[in-house]
$ cat start_20.txt   # compact mmCIF, C-alpha atoms (C1' of nucleotides)
# COMPACT_ATOMS: atom_id res chain seq x y z
CA MET A 1 -4.88 -18.22 -48.70
CA THR A 2 -6.98 -18.83 -45.65
CA ALA A 3 -10.74 -18.61 -45.42
CA PRO A 4 -11.94 -15.08 -44.73
CA GLU A 5 -14.50 -16.48 -42.28
CA LEU A 6 -11.68 -17.65 -40.05
CA THR A 7 -10.06 -14.24 -40.07
CA ALA A 8 -13.37 -12.64 -39.19
CA ALA A 9 -13.96 -15.13 -36.39
CA VAL A 10 -10.56 -14.51 -34.81
CA THR A 11 -10.97 -10.76 -35.11
CA ALA A 12 -14.43 -10.87 -33.58
CA THR A 13 -13.24 -13.06 -30.72
CA TYR A 14 -10.42 -10.64 -30.01
CA ASP A 15 -12.77 -7.69 -30.11
CA ILE A 16 -15.32 -9.29 -27.80
CA TRP A 17 -12.65 -10.09 -25.30
CA MET A 18 -11.04 -6.65 -25.37
CA ARG A 19 -14.39 -4.94 -24.94
CA THR A 20 -15.24 -7.16 -22.02
CA VAL A 21 -11.95 -6.21 -20.42
CA ASP A 22 -12.40 -2.51 -21.13
CA LEU A 23 -15.87 -2.37 -19.68
CA THR A 24 -14.84 -4.24 -16.56
CA GLY A 25 -12.02 -1.79 -15.86
CA PRO A 26 -13.93 0.66 -13.66
CA ALA A 27 -15.37 -2.10 -11.50
CA LEU A 28 -11.88 -3.50 -11.01
CA ALA A 29 -10.43 -0.15 -10.06
CA ALA A 30 -13.09 0.16 -7.35
CA HIS A 31 -11.67 -2.96 -5.74
CA ASN A 32 -8.07 -2.01 -6.36
CA LEU A 33 -7.66 -4.88 -8.81
CA THR A 34 -5.84 -4.94 -12.12
CA GLN A 35 -6.69 -6.89 -15.21
CA ALA A 36 -4.17 -9.58 -14.29
CA THR A 37 -5.31 -10.01 -10.71
CA PHE A 38 -8.91 -10.09 -11.87
CA GLN A 39 -8.16 -12.97 -14.19
CA ALA A 40 -6.46 -14.78 -11.38
CA LEU A 41 -9.45 -14.27 -9.10
CA TRP A 42 -11.83 -15.34 -11.86
CA VAL A 43 -10.30 -18.79 -12.26
CA ILE A 44 -10.60 -19.64 -8.55
CA ASP A 45 -14.06 -21.19 -8.45
CA PRO A 46 -15.32 -21.06 -4.86
CA ASP A 47 -17.38 -24.19 -5.46
CA GLU A 48 -14.44 -26.33 -6.44
CA PRO A 49 -11.39 -27.53 -4.54
CA PRO A 50 -8.80 -24.76 -4.32
CA PRO A 51 -6.42 -24.86 -7.28
CA SER A 52 -2.69 -25.28 -6.98
CA MET A 53 -0.23 -22.85 -8.50
CA LYS A 54 0.37 -25.25 -11.34
CA VAL A 55 -3.32 -25.50 -12.14
CA MET A 56 -3.68 -21.73 -11.95
CA ALA A 57 -0.78 -21.27 -14.33
CA GLU A 58 -2.44 -23.55 -16.86
CA ARG A 59 -5.78 -21.82 -16.57
CA LEU A 60 -4.21 -18.40 -16.95
CA HIS A 61 -1.74 -19.40 -19.66
CA CYS A 62 1.14 -17.89 -17.76
CA ASN A 63 4.35 -19.21 -16.25
CA ALA A 64 5.19 -20.03 -12.68
CA PRO A 65 7.09 -16.91 -11.61
CA ASN A 66 4.33 -14.73 -12.97
CA LEU A 67 1.76 -16.66 -11.05
CA THR A 68 3.68 -16.25 -7.81
CA PHE A 69 3.62 -12.52 -8.47
CA MET A 70 -0.14 -12.44 -9.02
CA ALA A 71 -0.85 -14.71 -6.09
CA ASN A 72 1.08 -12.31 -3.88
CA GLN A 73 -1.11 -9.46 -5.08
CA LEU A 74 -4.23 -11.36 -4.10
CA VAL A 75 -2.76 -12.33 -0.75
CA ASP A 76 -1.72 -8.73 -0.08
CA ARG A 77 -5.27 -7.61 -0.74
CA GLY A 78 -6.63 -10.22 1.66
CA LEU A 79 -8.58 -12.05 -1.02
CA VAL A 80 -6.87 -15.44 -0.91
CA GLU A 81 -4.62 -17.42 1.39
CA ARG A 82 -1.82 -19.75 0.51
CA SER A 83 -2.17 -23.20 1.97
CA VAL A 84 -0.03 -26.31 1.74
CA ASP A 85 -1.67 -29.18 -0.09
CA PRO A 86 -1.63 -32.03 2.46
CA ALA A 87 -1.46 -34.56 -0.37
CA ASP A 88 1.72 -33.04 -1.78
CA ARG A 89 3.63 -30.71 0.45
CA ARG A 90 5.46 -29.18 -2.51
CA SER A 91 2.21 -27.81 -3.81
CA ARG A 92 0.52 -24.63 -2.57
CA VAL A 93 -3.19 -24.12 -3.14
CA LEU A 94 -4.99 -20.80 -3.18
CA VAL A 95 -8.03 -20.59 -0.93
CA LEU A 96 -10.50 -17.72 -1.21
CA THR A 97 -11.07 -15.77 2.00
CA PRO A 98 -14.62 -14.66 2.82
CA LYS A 99 -13.69 -11.22 1.49
CA GLY A 100 -12.23 -12.89 -1.58
CA ARG A 101 -15.47 -14.70 -2.26
CA GLN A 102 -17.45 -11.53 -2.00
CA VAL A 103 -15.13 -9.43 -4.14
CA ARG A 104 -14.91 -12.18 -6.72
CA ALA A 105 -18.69 -12.36 -6.95
CA GLU A 106 -18.89 -8.60 -7.44
CA VAL A 107 -16.30 -8.28 -10.16
CA VAL A 108 -17.48 -11.37 -12.02
CA GLU A 109 -20.96 -9.91 -11.94
CA ALA A 110 -19.59 -6.64 -13.32
CA ALA A 111 -17.77 -8.44 -16.11
CA LEU A 112 -20.85 -10.40 -17.10
CA ALA A 113 -22.97 -7.28 -17.01
CA GLY A 114 -20.55 -5.39 -19.23
CA THR A 115 -19.58 -7.96 -21.81
CA PRO A 116 -21.06 -7.54 -25.28
CA LEU A 117 -22.09 -11.19 -25.05
CA ALA A 118 -24.76 -10.15 -22.55
CA ALA A 119 -26.74 -8.86 -25.53
CA LEU A 120 -27.35 -12.39 -26.77
CA SER A 121 -30.37 -14.46 -25.82
CA PRO A 122 -29.97 -17.63 -23.75
CA SER A 123 -30.46 -19.83 -26.79
CA GLU A 124 -27.92 -17.85 -28.79
CA LEU A 125 -25.49 -18.18 -25.91
CA ARG A 126 -25.97 -21.92 -25.88
CA GLN A 127 -25.22 -22.04 -29.60
CA LEU A 128 -22.14 -19.91 -29.09
CA VAL A 129 -20.85 -22.00 -26.21
CA ALA A 130 -21.43 -25.17 -28.21
CA LEU A 131 -19.40 -23.81 -31.12
CA LEU A 132 -16.57 -22.53 -28.95
CA ASN A 133 -16.34 -25.75 -27.00
CA ARG A 134 -16.25 -27.72 -30.19
CA ALA A 135 -13.27 -25.64 -31.24
CA LEU A 136 -11.59 -26.12 -27.88
CA SER A 137 -11.99 -29.88 -27.83
CA PRO A 138 -12.23 -31.17 -31.38
CA ALA A 139 -13.91 -34.54 -31.03
CA MET B 1 -27.62 -14.44 -10.24
CA THR B 2 -26.48 -14.39 -13.83
CA ALA B 3 -27.12 -17.05 -16.43
CA PRO B 4 -24.48 -19.77 -16.35
CA GLU B 5 -24.49 -19.79 -20.15
CA LEU B 6 -23.12 -16.28 -20.12
CA THR B 7 -20.32 -17.25 -17.76
CA ALA B 8 -19.46 -20.20 -19.94
CA ALA B 9 -19.46 -18.05 -23.06
CA VAL B 10 -17.13 -15.47 -21.58
CA THR B 11 -14.81 -18.15 -20.27
CA ALA B 12 -14.74 -19.94 -23.60
CA THR B 13 -14.05 -16.69 -25.45
CA TYR B 14 -11.17 -15.94 -23.14
CA ASP B 15 -9.78 -19.41 -23.54
CA ILE B 16 -10.00 -19.35 -27.32
CA TRP B 17 -8.20 -16.07 -27.44
CA MET B 18 -5.43 -17.06 -25.05
CA ARG B 19 -4.81 -20.29 -26.90
CA THR B 20 -4.61 -18.46 -30.18
CA VAL B 21 -2.05 -16.14 -28.65
CA ASP B 22 -0.06 -18.98 -27.12
CA LEU B 23 0.13 -20.96 -30.31
CA THR B 24 1.19 -17.93 -32.30
CA GLY B 25 4.06 -17.20 -29.97
CA PRO B 26 6.78 -19.22 -31.71
CA ALA B 27 5.94 -17.72 -35.11
CA LEU B 28 6.18 -14.24 -33.58
CA ALA B 29 9.51 -14.96 -31.98
CA ALA B 30 10.87 -15.99 -35.37
CA HIS B 31 10.15 -12.47 -36.61
CA ASN B 32 11.30 -10.80 -33.44
CA LEU B 33 7.78 -9.65 -32.68
CA THR B 34 5.97 -9.56 -29.36
CA GLN B 35 2.31 -10.10 -28.72
CA ALA B 36 1.69 -6.38 -28.61
CA THR B 37 3.51 -5.57 -31.84
CA PHE B 38 1.77 -8.48 -33.53
CA GLN B 39 -1.61 -7.05 -32.62
CA ALA B 40 -0.54 -3.71 -33.98
CA LEU B 41 0.58 -5.27 -37.24
CA TRP B 42 -2.63 -7.28 -37.47
CA VAL B 43 -4.89 -4.25 -37.48
CA ILE B 44 -3.08 -2.60 -40.39
CA ASP B 45 -4.97 -4.03 -43.34
CA PRO B 46 -2.78 -3.67 -46.44
CA ASP B 47 -5.88 -3.41 -48.62
CA GLU B 48 -7.27 -0.39 -46.85
CA PRO B 49 -6.06 3.17 -46.50
CA PRO B 50 -3.31 3.36 -43.86
CA PRO B 51 -4.75 4.00 -40.40
CA SER B 52 -3.90 6.99 -38.28
CA MET B 53 -2.59 6.65 -34.75
CA LYS B 54 -6.02 7.51 -33.43
CA VAL B 55 -7.69 4.78 -35.45
CA MET B 56 -5.02 2.29 -34.40
CA ALA B 57 -5.57 3.17 -30.74
CA GLU B 58 -9.28 2.49 -31.08
CA ARG B 59 -8.73 -0.80 -32.82
CA LEU B 60 -6.21 -1.94 -30.24
CA HIS B 61 -8.10 -0.58 -27.24
CA CYS B 62 -5.04 1.20 -25.99
CA ASN B 63 -4.11 4.80 -25.31
CA ALA B 64 -2.06 7.20 -27.36
CA PRO B 65 1.32 7.00 -25.60
CA ASN B 66 1.21 3.25 -25.73
CA LEU B 67 0.49 3.34 -29.41
CA THR B 68 3.44 5.61 -30.06
CA PHE B 69 5.57 3.03 -28.28
CA MET B 70 4.31 0.15 -30.40
CA ALA B 71 4.51 2.12 -33.61
CA ASN B 72 8.15 2.80 -32.85
CA GLN B 73 8.77 -0.91 -32.46
CA LEU B 74 7.31 -1.58 -35.87
CA VAL B 75 9.26 1.27 -37.43
CA ASP B 76 12.48 0.04 -35.81
CA ARG B 77 11.90 -3.39 -37.32
CA GLY B 78 11.37 -1.85 -40.75
CA LEU B 79 7.79 -3.08 -41.02
CA VAL B 80 5.95 0.23 -41.24
CA GLU B 81 6.70 3.87 -41.96
CA ARG B 82 5.22 6.93 -40.40
CA SER B 83 3.74 9.33 -42.89
CA VAL B 84 1.98 12.64 -42.49
CA ASP B 85 -1.64 12.62 -43.54
CA PRO B 86 -1.88 15.34 -46.24
CA ALA B 87 -5.49 16.00 -45.29
CA ASP B 88 -4.59 16.77 -41.68
CA ARG B 89 -0.97 17.45 -40.94
CA ARG B 90 -1.48 16.72 -37.23
CA SER B 91 -2.24 13.13 -38.05
CA ARG B 92 0.36 10.41 -38.71
CA VAL B 93 -0.62 7.33 -40.63
CA LEU B 94 1.17 4.00 -40.54
CA VAL B 95 2.07 2.57 -43.94
CA LEU B 96 3.24 -1.02 -44.33
CA THR B 97 6.59 -1.43 -46.02
CA PRO B 98 7.02 -4.31 -48.48
CA LYS B 99 8.76 -6.24 -45.72
CA GLY B 100 5.91 -5.32 -43.41
CA ARG B 101 3.35 -6.73 -45.83
CA GLN B 102 5.24 -9.96 -46.08
CA VAL B 103 5.84 -10.40 -42.36
CA ARG B 104 2.24 -9.51 -41.61
CA ALA B 105 1.02 -12.13 -44.05
CA GLU B 106 3.25 -14.74 -42.46
CA VAL B 107 2.30 -14.13 -38.87
CA VAL B 108 -1.39 -13.74 -39.63
CA GLU B 109 -1.21 -17.03 -41.46
CA ALA B 110 0.47 -18.59 -38.43
CA ALA B 111 -2.20 -17.24 -36.10
CA LEU B 112 -5.00 -18.56 -38.28
CA ALA B 113 -3.31 -21.92 -38.59
CA GLY B 114 -2.87 -22.21 -34.83
CA THR B 115 -6.16 -20.92 -33.50
CA PRO B 116 -8.57 -23.52 -32.12
CA LEU B 117 -11.21 -21.91 -34.32
CA ALA B 118 -9.48 -23.47 -37.32
CA ALA B 119 -11.07 -26.75 -36.25
CA LEU B 120 -14.52 -25.49 -37.20
CA SER B 121 -16.10 -25.96 -40.60
CA PRO B 122 -16.82 -22.97 -42.84
CA SER B 123 -20.53 -23.08 -42.04
CA GLU B 124 -19.82 -23.27 -38.32
CA LEU B 125 -17.51 -20.32 -38.65
CA ARG B 126 -20.21 -18.34 -40.39
CA GLN B 127 -22.59 -19.13 -37.54
CA LEU B 128 -19.98 -18.10 -35.01
CA VAL B 129 -19.17 -14.84 -36.76
CA ALA B 130 -22.88 -14.05 -37.05
CA LEU B 131 -23.35 -14.54 -33.31
CA LEU B 132 -20.29 -12.55 -32.33
CA ASN B 133 -21.16 -9.69 -34.64
CA ARG B 134 -24.66 -9.61 -33.25
CA ALA B 135 -23.16 -9.21 -29.81
CA LEU B 136 -20.79 -6.49 -31.02
CA SER B 137 -23.49 -4.42 -32.73
CA PRO B 138 -26.82 -5.16 -31.14
CA ALA B 139 -29.16 -3.86 -33.82
C1' DG C 1 -5.39 37.62 -40.34
C1' DC C 2 -5.00 36.14 -35.95
C1' DA C 3 -5.97 34.78 -31.38
C1' DC C 4 -8.37 30.86 -29.13
C1' DG C 5 -9.59 26.32 -27.70
C1' DA C 6 -9.67 21.70 -29.57
C1' DT C 7 -7.38 17.80 -31.58
C1' DA C 8 -3.41 14.41 -32.90
C1' DC C 9 0.56 12.95 -31.50
C1' DT C 10 4.97 12.58 -28.77
C1' DT C 11 7.98 12.76 -24.66
C1' DC C 12 8.85 11.79 -20.08
C1' DG C 13 8.80 9.21 -16.01
C1' DA C 14 6.90 5.98 -12.96
C1' DG C 15 4.62 2.02 -12.32
C1' DT C 16 2.91 -2.80 -13.55
C1' DC C 17 3.53 -6.99 -15.61
C1' DT C 18 6.34 -10.82 -17.70
C1' DC C 19 9.65 -14.31 -17.75
C1' DG C 20 14.38 -17.00 -17.99
C1' DA C 21 17.67 -18.75 -14.82
C1' DA C 22 18.82 -20.31 -10.51
C1' DA C 23 17.55 -21.71 -5.80
C1' DC C 24 14.72 -24.31 -2.63
C1' DA C 25 11.62 -27.92 -0.88
C1' DT C 26 9.42 -32.11 -1.49
C1' DC C 27 8.32 -36.31 -3.81
C1' DA C 28 8.97 -41.05 -5.99
C1' DG C 29 11.72 -44.76 -7.26
C1' DT C 30 15.53 -47.58 -6.28
C1' DA D 1 19.62 -42.70 1.97
C1' DC D 2 20.64 -41.20 -2.87
C1' DT D 3 19.02 -39.34 -7.20
C1' DG D 4 16.39 -37.31 -10.55
C1' DA D 5 11.93 -35.16 -11.21
C1' DT D 6 8.41 -31.86 -9.86
C1' DG D 7 6.13 -27.56 -7.65
C1' DT D 8 7.12 -23.14 -6.18
C1' DT D 9 9.72 -19.06 -5.12
C1' DT D 10 13.46 -15.53 -5.68
C1' DC D 11 16.09 -12.58 -8.42
C1' DG D 12 16.92 -9.43 -11.96
C1' DA D 13 16.19 -7.60 -16.38
C1' DG D 14 13.23 -6.44 -19.79
C1' DA D 15 8.62 -5.37 -21.89
C1' DC D 16 4.49 -3.02 -21.58
C1' DT D 17 1.12 0.60 -19.84
C1' DC D 18 -0.38 5.05 -18.90
C1' DG D 19 -1.12 9.93 -16.66
C1' DA D 20 0.69 14.41 -17.20
C1' DA D 21 2.95 17.75 -19.69
C1' DG D 22 4.74 19.41 -24.21
C1' DT D 23 4.55 20.36 -29.45
C1' DA D 24 2.27 20.95 -33.84
C1' DT D 25 -1.72 21.71 -36.46
C1' DC D 26 -6.53 22.59 -37.17
C1' DG D 27 -11.02 25.24 -37.15
C1' DT D 28 -13.76 28.90 -35.52
C1' DG D 29 -15.00 33.49 -34.28
C1' DC D 30 -13.72 37.98 -34.35

$ encode --input "start_20.txt" --output "structure tokens"
Amino acid sequence: MTAPELTAAVTATYDIWMRTVDLTGPALAAHNLTQATFQALWVIDPDEPPPSMKVMAERLHCNAPNLTFMANQLVDRGLVERSVDPADRRSRVLVLTPKGRQVRAEVVEAALAGTPLAALSPSELRQLVALLNRALSPA
Amino acid sequence: MTAPELTAAVTATYDIWMRTVDLTGPALAAHNLTQATFQALWVIDPDEPPPSMKVMAERLHCNAPNLTFMANQLVDRGLVERSVDPADRRSRVLVLTPKGRQVRAEVVEAALAGTPLAALSPSELRQLVALLNRALSPA
DNA sequence: GCACGATACTTCGAGTCTCGAAACATCAGT
DNA sequence: ACTGATGTTTCGAGACTCGAAGTATCGTGC
């Protein structure tokens, strides 16, 4: 059979994530966002070039039609705008509006405040991030 | 603003979880299970007393009607059986059938084999579990 | 013992999310 | 220009979620 440590690690990861989501719920509702639209907003970093649909789909682990759906939600709420990528006119990038930047900052803040991981010290967090990144990109 | 380590930790946790889910997908499809029913099956430990609906709802972070829905899916697939708790006849517990035990073992195995966390060594996993559990129950 | 509110679960119905298949627009190579 | 490949959207059906109302059982106070 498989190592019990691995089972425990997966279970704990799941639990951390679910609790983070749960505790962020009220803050999302205040901005008329759902879990899905929040995730979509989260992965649009205002300090980086606006991501295309394809990039968004990879980051969110969802397929193209679903992403179109979520992008529409964000556009409807006035948080992002669709824009044609001049380098490839097939591609549409999502640009945060000023309101989008502000709302994103607020809900991200709420998520970080609520997550159980906030209980860890900075050095513990560094350890954790190091371990998780090692798992994500096995050297 | 908030510590960037915390942001990175939450992001990494999310990513680990989503990848685990993604990679388990094919194994689930083979058993005609969805993500939601897989989670439900996961939290029924065959070595512990069968959980009530209420306990299941807490473990899965979902509400009662939703749980009834998922329980029905598992019952329809012949993986669990509803049984009345003799100690409290209001309560229904979910008991794994022999087929349920077998299918659960298979899909759990698939999830553990696919998760990025499988790339970590036993001692790294212990570290990780220690950190996550500290976050979950800040003593 | 029997009302009473509380608890565990289900049913119902409406809404949200997901996703395969097909359509559309644009690109890149020839 | 033609052709196949790529990025996105549309369409439609299905899966999932959840509030409100309903049923069954429990536990307490009288």

$ interface_residues --input "start_20.txt" --of "chain B" --to "chain A" --cutoff "8 Å" --atoms "all atoms listed in the file" --output "PyMOL selection string"
chain B and resi 2-3+5-10+12-14+16-19+22+61+109+112+115-120+122+124-126+128-129+131-136+138

$ residues_near_point --input "start_20.txt" --point "(2.5, -0.3, -11.8)" --cutoff "10 Å" --atoms "only C-alpha atoms (C1' of nucleotides)" --output "PyMOL selection string"
(chain A and resi 34) or (chain C and resi 14-17) or (chain D and resi 17-18)

$ interface_residues --input "start_20.txt" --of "chain D" --to "chain A" --cutoff "9 Å" --atoms "all atoms listed in the file" --output "mmCIF file with C-alpha atoms (C1' of nucleotides), keeping the file's coordinate frame"
data_model
loop_
_atom_site.group_PDB
_atom_site.id
_atom_site.type_symbol
_atom_site.label_atom_id
_atom_site.label_comp_id
_atom_site.auth_asym_id
_atom_site.auth_seq_id
_atom_site.Cartn_x
_atom_site.Cartn_y
_atom_site.Cartn_z
ATOM 1 C "C1'" DT D 6 8.410 -31.860 -9.860
ATOM 2 C "C1'" DG D 7 6.130 -27.560 -7.650
ATOM 3 C "C1'" DT D 8 7.120 -23.140 -6.180
ATOM 4 C "C1'" DT D 9 9.720 -19.060 -5.120
ATOM 5 C "C1'" DT D 10 13.460 -15.530 -5.680
#

$ residues_around --input "start_20.txt" --residues "D:DG29" --least-positions-apart "5" --cutoff "12 Å" --atoms "all atoms listed in the file" --output "compact mmCIF listing (two decimals) with C-alpha atoms (C1' of nucleotides), keeping the file's coordinate frame"
# COMPACT_ATOMS: atom_id res chain seq x y z
C1' DC C 2 -5.00 36.14 -35.95
C1' DA C 3 -5.97 34.78 -31.38
C1' DC C 4 -8.37 30.86 -29.13
C1' DG C 5 -9.59 26.32 -27.70

$ interface_residues --input "start_20.txt" --of "chain C" --to "chain B" --cutoff "12 Å" --atoms "only C-alpha atoms (C1' of nucleotides)" --output "list of chain:residue names"
C:DT7, C:DA8, C:DC9, C:DT10, C:DT11, C:DC12, C:DT18

$ closest_residue --input "start_20.txt" --among "C:DA6, C:DG29, C:DG20, C:DG1" --to "D:DC26" --atoms "only C-alpha atoms (C1' of nucleotides)"
C:DA6

$ atom_distance --input "start_20.txt" --atom1 "atom C1' of D:DT23" --atom2 "atom CA of B:Ala71"
18.7 Å

$ atom_distance --input "start_20.txt" --atom1 "atom CA of A:Val55" --atom2 "atom C1' of C:DA23"
22.1 Å

$ residues_around --input "start_20.txt" --residues "B:Leu96" --least-positions-apart "6" --cutoff "12 Å" --atoms "all atoms listed in the file" --output "list of chain:residue names"
B:Ala40, B:Leu41, B:Trp42, B:Val43, B:Ile44, B:Asp45, B:Pro46, B:Asp47, B:Glu48, B:Pro49, B:Pro50, B:Pro51, B:Ala71, B:Leu74, B:Val75, B:Arg77, B:Gly78, B:Leu79, B:Val80, B:Glu81, B:Arg82, B:Ser83, B:Gln102, B:Val103, B:Arg104, B:Ala105

$ atom_distance --input "start_20.txt" --atom1 "atom CA of B:Glu58" --atom2 "atom CA of B:Leu94"
14.2 Å

$ residues_around --input "start_20.txt" --residues "C:DA21" --least-positions-apart "2" --cutoff "10 Å" --atoms "only C-alpha atoms (C1' of nucleotides)" --output "PyMOL selection string"
(chain C and resi 19+23) or (chain D and resi 11-12)
